[in-house]
Amino acid sequence: MPTLAVSLFEIALAVHIAAVVIGFGVTFAYPVFYGYGRRLDPRAMPWFHRVAERIGKTVISPGLLVVVLVGIYLTSHLHQWSAFYVQWGMGAAIVLGALGGAYFSPRERRLAELATRDVAAAGPEGDVRFSAEYERLFRQISIVGMLSSLLVLVTIFLMSVQAGA
């Protein structure tokens with residue numbers, strides 16, 4: 001009977017990768033949700049912004065914490081603290097963590113408030129027209145979200161290429 005020999009390092013690497021996929025995967029779907037949701041049912045946008053904020057707190061932030069903690073273990077195990085890809089990854093984690101708490105969370109709350117106000121102003125049967133304030137903040141958070149996603153992709157690329165070298 002064959003035995004499965006898996007090291008703690010291999011388990012940690014799998015957990016690290018899974019945390020990235022779970023924690024950041026949903027962020028790549030946000031542009032689809034935003035665009036489709038606005039066209040399909042603009043009255044649902046207050047709900048969507050509240051859900052996006054909650055996902056940030058309950059999925060993305062804990063996922064990032066797991067990525068960092070397990071990354072520390074992996075880096076220490078491989079003695080790679082001076083490697084560029086490690087420095088980049090730690091820097092990216094700090095930037096993404098700061099953006100989550102200081103930027104995305106309060107702005108998603110504000111977008112939910114503005115969307116709620118704009119939906120209420122349309123009345124029960126009227127067409128929803130989002131205010132200039134909502135549109136401006138929506139555009140801003142969309143741009144920063146795309147840049148954050150780019151940072152995640154670049155980091156994944158550097159980790160994949162450099163760690164395997």
# chains A, B, ... in the order shown; residues from 1 in each chain; ligands from 1
>>> residues_around(residues="segment 118-124 of chain A", least_positions_apart="6", cutoff="7 Å", atoms="only C-alpha atoms", output="list in words")
Arg43, Phe130 and Ser131 of chain A
>>> write_last_selection(atoms="C-alpha atoms", output="PDB file, in the first residue's frame")
ATOM      1  CA  ARG A  43     -31.504  49.185  -7.046  1.00  0.00           C
ATOM      2  CA  PHE A 130     -26.751  57.833  -9.562  1.00  0.00           C
ATOM      3  CA  SER A 131     -25.450  61.189  -8.397  1.00  0.00           C
TER       4      SER A 131
END
>>> select_by_dssp(residues="segment 65-157 of chain A", states="alpha helix (DSSP H)", output="PyMOL selection string")
chain A and resi 65-78+84-98+105-122+132-157
>>> closest_residue(among="A:Leu147, A:Arg139, A:Gly89, A:His49", to="Gly37 of chain A", atoms="only C-alpha atoms")
A:His49
>>> atom_distance(atom1="atom CA of Glu125 of chain A", atom2="atom CA of Val51 of chain A")
24.2 Å
>>> atom_distance(atom1="atom CA of Pro46 of chain A", atom2="atom CA of Leu150 of chain A")
26.1 Å
>>> residues_around(residues="Phe48 of chain A", least_positions_apart="6", cutoff="10 Å", atoms="only C-alpha atoms", output="list in words")
Tyr30, Phe33, Tyr34, Gly37, Arg38, Pro42, Arg54, Glu108, Leu111, Ala112 and Ala115 of chain A
>>> residues_around(residues="Ala12 of chain A", least_positions_apart="5", cutoff="9 Å", atoms="only C-alpha atoms", output="PyMOL selection string")
chain A and resi 7+17+70-71+73-74
>>> closest_residue(among="A:His79, A:Arg50, A:His16, A:Arg109", to="Gly63 of chain A", atoms="only C-alpha atoms")
A:His16
>>> closest_residue(among="A:Ala19, A:Asp41, A:Thr27, A:Trp47", to="Val144 of chain A", atoms="only C-alpha atoms")
A:Thr27
